[in-house]
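Undergrad: Please read through the structure below; I'll follow up with questions.
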2 protein chains.
Amino acid sequence: MTTSLIVQKFGGSSLKNPERIAAVADRIARTARSGPLVIVVSAMGDSTDHLIELARQLSQRPDRREIDMLLSTGEQVSASLLAMALHERGFPAISLAGWQAGIRTDSRFSVARIREVNAERIQHELAGGRIVIVPGFQGIGSETGWDEVTTLGRGGSDATAVALAAGLGRVRCEIFSDVDGIYTADPRVVPDARKLDDITYEEMLELAQYGAQVMMPRAVELAQIWSVPLEVRSSYSTETGTRIGGNMEDVSRVAGIAHQAAVAKVTFVALVDRPGIAQTIFAALTIRQVHADLIVQNIGHQGRTDLSFTVPESDMEAASEAADEVRENVDAQSVTVKGGLAKVSVVGAGLSSSLEYASIMVGTLGELGINIDMISTSGIRITCVIDGDRVHEAVRALHRAFRLGGEDSWSATA
Amino acid sequence: MTTSLIVQKFGGSSLKNPERIAAVADRIARTARSGPLVIVVSAMGDSTDHLIELARQLSQRPDRREIDMLLSTGEQVSASLLAMALHERGFPAISLAGWQAGIRTDSRFSVARIREVNAERIQHELAGGRIVIVPGFQGIGSETGWDEVTTLGRGGSDATAVALAAGLGRVRCEIFSDVDGIYTADPRVVPDARKLDDITYEEMLELAQYGAQVMMPRAVELAQIWSVPLEVRSSYSTETGTRIGGNMEDVSRVAGIAHQAAVAKVTFVALVDRPGIAQTIFAALTIRQVHADLIVQNIGHQGRTDLSFTVPESDMEAASEAADEVRENVDAQSVTVKGGLAKVSVVGAGLSSSLEYASIMVGTLGELGINIDMISTSGIRITCVIDGDRVHEAVRALHRAFRLGGEDSWSATA
């Protein structure tokens, strides 16, 4: 049986040593019998961290262009090793560097965005019956007039896989990793968490952004934009994983519970309520590369308002610095920074269509006596900021409350 | 003071860890104040061996194209780390991969030859005041119609440096390594061995081919063909090293003693003396990648002749196999293979112009009671194959006999 082209991406821990690479080659070999394959690989295990450590020993703030030259070698190593392992199994295979594979990006080193895929070389190799192996995470940018190696930022290999799947005709893209799919909650926290068969791009995006670490949010975004059908699968089993795809039937349901620890909350108390104030604050954060989210502004009174947002706890110091810098400018009475918090999120398509979800969530946390520091919602997500020490307890209780461990997920319309 | 462009090459042991890379950066920084620089680097320490070991674990006979993709990453790593170390010292620097640096080769993977250097990008970066760092040992070949990463074989970084020096206008090329120059003999064997200030390409070539491991013979050959002035220097001191250059004054002298242990001798006894016989033998060796040298054929009598040659002891088994294969074809009475031998060579410009050199060499070995298995000469070299156990003793005696430890070397015309 010949199937159509598939792009498969294997993560670093699935390739962390020669034994694992050999196992991945066995797995690819089975699939390769039934149709053409493009394989995207991450760097072996912690080799990227090792390269970064070398760079740190030589420079306090390594140049981004050189970091990209350095780190791009990691994926090239696993790509050529995997090609050799496939040869050993009698399969024609060829590894292509990012610049050979035609992954064209902009020229923003370390945070490059893929602009287009020129798949000419890949098509040529596929036509020759070869399995094509492409190092993820990297590309080539030419905005300066010279070809430069660029990288896409951490987790960029997922984006490479999605971009290739799109560039090769919106073919199927399978993301292989240590986990066998998307779960209704982190199985390490919730023992009876259930693997989902299907999930929408939007749900996956919210889960990824609010704690599930299976896929990079940006890759999910790209898959949605380019309509690439995704599947998250295990490198170690042949079972189907979780399919991520277009809009499912318009049923209101809860897909899963995401959580994120080590969160801090920053509040500007009674700042002057005039246009441009928030921009001043966020510019000071951006300059320090602090990513704020869950921004909440209370209704102002007497020309004053409170503005709160969350930052990763590791950015607390930088956030405090930024706050000190702009406090006078924005005329805030005071600024409070509070660490030791966590985010817990309920995610599901059409969640906002019923207030019932929010009331169950708030009620469940209330029954446990867990104080809610902030609430923020999107169309398909409700997030509460709570005490970090109680987040696992909260995840388990919410998983139960929305009956996610059973055969079917909880639905407000049921 | 502004000097003209120099190409400097740093070997792997000078770059084996971040501390060493930092030391090399310090050294480059001093030179960079006085003029433009192109730096060629090898892979860090034993990182190439580490990559080869990974490949071996995945494939018995790894594909050469993939080996080149794999190994080329090693030099790219040291190139970008060195660029970062120079930035840290306030020097603008940029690393270019082989394909960016315009090192065009043929498409013979793992043993590629440099065809031309398209120095456009390097010139652009130099014009911008940047130190340009180029990974050695690699290039780009396009004979298949597609750009492919190629490597030049072990020690190929020297060839890269020489080719760049040639391509940038026959500028000076400095080879930095753990040794501070070319010595009259291996200083580990001869304590009063003397560093040479100057040596000709031909002498260097003979020394390199017959035991001195400072530079790859091929790089010396290229320097001679392209008239690139070379200097072999120490990475750890600022002293001048040994200059390798054009023909020196036409004085007959001994430059140094080279030696090589672990040699085996193969003799085809009384083989039929007709054209094409030697070719049959050497074809069988070539197919097994056995490199034979010091080929000696005795004057034939009664249509029979003896043919002897040396091979590295590590190739003894393969050489025996080859001999077994062709023995009947070449109608040899017997084949003997003898290991445990060594080569000792006296090298000097115009050495063959006087028989005195040969008689002193043979006499010195004779006085020690060292048996000579074979003698072979070139225009500037006399090599004897002797018992391996006695080679150090022989080197010391010859060094003394030719008065190489003193201020001036021995000369037949003096």
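In the structure tokens, chains take letters A, B, ... by order of appearance, with residues numbered from 1 within each chain and ligands from 1 in the order shown.
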Which residues of region 232-300 of chain A come within 10 Å of region 394-399 of chain A, and what is each one's closest atom pair and distance in Å (one decimal), counting only C-alpha atoms, sorted by chain and residue number, as JSON lines?
TA:
{"residue": "A:Val254", "atom": "CA", "partner": "A:His399", "partner_atom": "CA", "distance": 9.7}
{"residue": "A:Gly256", "atom": "CA", "partner": "A:His399", "partner_atom": "CA", "distance": 7.7}
{"residue": "A:Ile257", "atom": "CA", "partner": "A:Val395", "partner_atom": "CA", "distance": 6.6}
{"residue": "A:Ala258", "atom": "CA", "partner": "A:Val395", "partner_atom": "CA", "distance": 7.8}
{"residue": "A:His259", "atom": "CA", "partner": "A:Val395", "partner_atom": "CA", "distance": 7.3}
Undergrad: Let's have the selection written as a PDB file, in the first residue's frame, with N, CA and C atoms.
TA:
ATOM      1  N   VAL A 254     -15.147  20.436  27.446  1.00  0.00           N
ATOM      2  CA  VAL A 254     -13.847  20.737  28.041  1.00  0.00           C
ATOM      3  C   VAL A 254     -12.852  19.722  27.482  1.00  0.00           C
ATOM      4  N   GLY A 256      -9.313  19.840  28.233  1.00  0.00           N
ATOM      5  CA  GLY A 256      -8.316  19.482  29.233  1.00  0.00           C
ATOM      6  C   GLY A 256      -8.008  20.604  30.198  1.00  0.00           C
ATOM      7  N   ILE A 257      -7.215  20.241  31.184  1.00  0.00           N
ATOM      8  CA  ILE A 257      -6.781  21.185  32.211  1.00  0.00           C
ATOM      9  C   ILE A 257      -5.282  21.391  32.052  1.00  0.00           C
ATOM     10  N   ALA A 258      -4.845  22.633  31.842  1.00  0.00           N
ATOM     11  CA  ALA A 258      -3.413  22.924  31.779  1.00  0.00           C
ATOM     12  C   ALA A 258      -3.004  23.660  33.044  1.00  0.00           C
ATOM     13  N   HIS A 259      -1.745  23.503  33.431  1.00  0.00           N
ATOM     14  CA  HIS A 259      -1.281  24.304  34.564  1.00  0.00           C
ATOM     15  C   HIS A 259       0.177  24.684  34.390  1.00  0.00           C
TER      16      HIS A 259
END
Undergrad: When you get a sec, could you note down which chain B residues fall within 6 Å of chain A, using only C-alpha atoms, as a list in words?
TA: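 Therefore, the residues near the partner are Leu58, Ser59, Pro62, Glu66, Leu70, Thr73, Val77, Ser80, Met84, Ala85 and Glu88 of chain B.
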Undergrad: Find the residue from A:Asp198, A:Glu174, A:Asp306, A:Glu203 that sits nearest to Arg381 (chain A); use only C-alpha atoms when measuring.
TA: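 Once distances to Arg381 (chain A) are computed over only C-alpha atoms, the minimum belongs to A:Glu203.
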Undergrad: Can you check which residues of region 104-194 of chain B DSSP gives as alpha helix (DSSP H) on the backbone and send them as a ChimeraX atom specification?
TA: /B:120-127,156-167
Undergrad: Just to be explicit: take each residue in the selection above, keep C-alpha atoms, and write the result as a PDB file, in the first residue's frame.
TA:
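Contents of selection-v2.pdb, as written:
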ATOM      1  CA  GLU B 120      33.755  37.677  -2.474  1.00  0.00           C
ATOM      2  CA  ARG B 121      32.088  37.263   0.901  1.00  0.00           C
ATOM      3  CA  ILE B 122      35.394  37.152   2.790  1.00  0.00           C
ATOM      4  CA  GLN B 123      36.566  40.329   1.026  1.00  0.00           C
ATOM      5  CA  HIS B 124      33.269  42.000   1.930  1.00  0.00           C
ATOM      6  CA  GLU B 125      33.685  41.138   5.604  1.00  0.00           C
ATOM      7  CA  LEU B 126      37.358  42.186   5.642  1.00  0.00           C
ATOM      8  CA  ALA B 127      36.385  45.507   4.036  1.00  0.00           C
ATOM      9  CA  GLY B 156      42.517  19.305   5.554  1.00  0.00           C
ATOM     10  CA  SER B 157      42.423  22.512   7.602  1.00  0.00           C
ATOM     11  CA  ASP B 158      46.017  23.211   6.578  1.00  0.00           C
ATOM     12  CA  ALA B 159      44.931  22.926   2.950  1.00  0.00           C
ATOM     13  CA  THR B 160      42.043  25.323   3.572  1.00  0.00           C
ATOM     14  CA  ALA B 161      44.428  27.896   5.053  1.00  0.00           C
ATOM     15  CA  VAL B 162      46.848  27.609   2.144  1.00  0.00           C
ATOM     16  CA  ALA B 163      44.038  27.811  -0.428  1.00  0.00           C
ATOM     17  CA  LEU B 164      42.606  30.934   1.233  1.00  0.00           C
ATOM     18  CA  ALA B 165      46.046  32.544   1.395  1.00  0.00           C
ATOM     19  CA  ALA B 166      46.445  31.818  -2.316  1.00  0.00           C
ATOM     20  CA  GLY B 167      42.923  33.003  -3.176  1.00  0.00           C
TER      21      GLY B 167
END
Undergrad: Go through region 73-227 of chain A and collect every residue that DSSP, computed from the backbone, puts in strand (DSSP E); the answer should be as a ChimeraX atom specification.
TA: /A:93-95,103-105,114-117,131-135,138-141,148-151,172-177,198-200
Undergrad: Would you mind exporting N, CA and C atoms of the selected residues as a CSV table (one decimal), in the first residue's frame?
TA:
chain,number,residue,atom,x,y,z
A,93,ALA,N,18.5,7.2,2.0
A,93,ALA,CA,18.2,8.4,2.7
A,93,ALA,C,19.2,9.5,2.5
A,94,ILE,N,18.9,10.7,2.7
A,94,ILE,CA,19.8,11.8,2.5
A,94,ILE,C,19.5,12.9,3.5
A,95,SER,N,20.5,13.4,4.2
A,95,SER,CA,20.3,14.6,5.0
A,95,SER,C,20.6,15.9,4.3
A,103,ILE,N,14.7,26.1,3.4
A,103,ILE,CA,13.9,26.8,4.5
A,103,ILE,C,14.3,28.2,4.5
A,104,ARG,N,13.6,29.1,3.8
A,104,ARG,CA,13.9,30.5,3.8
A,104,ARG,C,13.3,31.2,5.0
A,105,THR,N,14.0,32.0,5.7
A,105,THR,CA,13.5,32.7,6.8
A,105,THR,C,13.8,34.2,6.7
A,114,ILE,N,9.9,31.6,9.5
A,114,ILE,CA,10.0,31.0,8.2
A,114,ILE,C,9.1,31.9,7.2
A,115,ARG,N,9.7,32.2,6.1
A,115,ARG,CA,9.0,33.0,5.1
A,115,ARG,C,8.5,32.1,4.0
A,116,GLU,N,9.3,31.2,3.5
A,116,GLU,CA,8.8,30.3,2.5
A,116,GLU,C,9.7,29.0,2.5
A,117,VAL,N,9.2,28.0,1.9
A,117,VAL,CA,9.9,26.8,1.7
A,117,VAL,C,10.1,26.6,0.2
A,131,ILE,N,14.5,8.9,1.4
A,131,ILE,CA,13.9,9.5,2.6
A,131,ILE,C,14.7,10.8,2.9
A,132,VAL,N,14.1,11.9,3.0
A,132,VAL,CA,14.8,13.2,3.1
A,132,VAL,C,14.8,13.6,4.6
A,133,ILE,N,16.0,13.8,5.2
A,133,ILE,CA,16.1,14.2,6.6
A,133,ILE,C,16.6,15.6,6.7
A,134,VAL,N,15.8,16.5,7.3
A,134,VAL,CA,16.0,17.9,7.4
A,134,VAL,C,16.2,18.3,8.9
A,135,PRO,N,17.3,19.0,9.2
A,135,PRO,CA,17.5,19.4,10.5
A,135,PRO,C,16.5,20.5,10.8
A,138,GLN,N,16.2,25.5,12.0
A,138,GLN,CA,17.1,26.4,11.3
A,138,GLN,C,16.7,26.7,9.9
A,139,GLY,N,17.2,27.7,9.4
A,139,GLY,CA,16.9,28.0,8.0
A,139,GLY,C,18.0,29.0,7.4
A,140,ILE,N,17.7,29.7,6.4
A,140,ILE,CA,18.6,30.6,5.8
A,140,ILE,C,17.9,31.9,5.5
A,141,GLY,N,18.5,33.0,5.9
A,141,GLY,CA,18.0,34.3,5.7
A,141,GLY,C,18.9,35.1,4.8
A,148,GLU,N,22.6,33.8,5.3
A,148,GLU,CA,23.0,33.6,6.7
A,148,GLU,C,22.2,32.5,7.3
A,149,VAL,N,22.9,31.7,8.2
A,149,VAL,CA,22.2,30.7,9.0
A,149,VAL,C,21.4,31.3,10.0
A,150,THR,N,20.1,31.0,10.1
A,150,THR,CA,19.2,31.5,11.2
A,150,THR,C,18.7,30.4,12.0
A,151,THR,N,18.2,30.6,13.2
A,151,THR,CA,17.5,29.6,13.9
A,151,THR,C,16.1,30.2,14.4
A,172,ARG,N,0.3,15.6,5.7
A,172,ARG,CA,0.2,15.2,7.1
A,172,ARG,C,1.5,15.4,7.8
A,173,CYS,N,1.4,16.0,9.1
A,173,CYS,CA,2.6,16.2,9.8
A,173,CYS,C,2.5,15.5,11.2
A,174,GLU,N,3.4,14.6,11.5
A,174,GLU,CA,3.4,13.8,12.7
A,174,GLU,C,4.5,14.3,13.6
A,175,ILE,N,4.2,14.7,14.9
A,175,ILE,CA,5.2,15.1,15.8
A,175,ILE,C,5.4,14.0,16.8
A,176,PHE,N,6.6,13.4,16.7
A,176,PHE,CA,7.0,12.3,17.6
A,176,PHE,C,7.7,12.8,18.8
A,177,SER,N,7.4,12.3,20.0
A,177,SER,CA,8.1,12.7,21.2
A,177,SER,C,8.0,11.7,22.3
A,198,ASP,N,-8.8,13.6,19.4
A,198,ASP,CA,-8.8,14.7,18.5
A,198,ASP,C,-8.9,16.0,19.4
A,199,ILE,N,-8.3,17.0,18.8
A,199,ILE,CA,-8.4,18.3,19.5
A,199,ILE,C,-8.3,19.4,18.4
A,200,THR,N,-8.9,20.5,18.6
A,200,THR,CA,-8.8,21.6,17.6
A,200,THR,C,-7.5,22.4,17.7
Undergrad: In Å to one decimal, how far is CA of Ser308 (chain B) from CA of Ile295 (chain B)?
TA: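 According to the coordinates, CA of Ile295 (chain B) and CA of Ser308 (chain B) are separated by 5.8 Å.
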Undergrad: Let me make sure I understand: among A:Pro229, A:Thr383, A:Gly136, A:Thr280, which one has the smallest atom-to-atom distance to Val296 (chain A) if we use only C-alpha atoms?
TA: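 Result for the nearest residue to Val296 (chain A): A:Thr383.
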Undergrad: Record the distance separating CA of Asp389 (chain B) and CA of Ala342 (chain B), expressed in Å with one decimal.
TA: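 Atom-to-atom, CA of Asp389 (chain B) and CA of Ala342 (chain B) are spaced 8.1 Å apart.
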Undergrad: Rounded to one decimal place, report the CA of Ile244 (chain A)-CA of Val228 (chain A) distance in Å.
TA: 9.0 Å
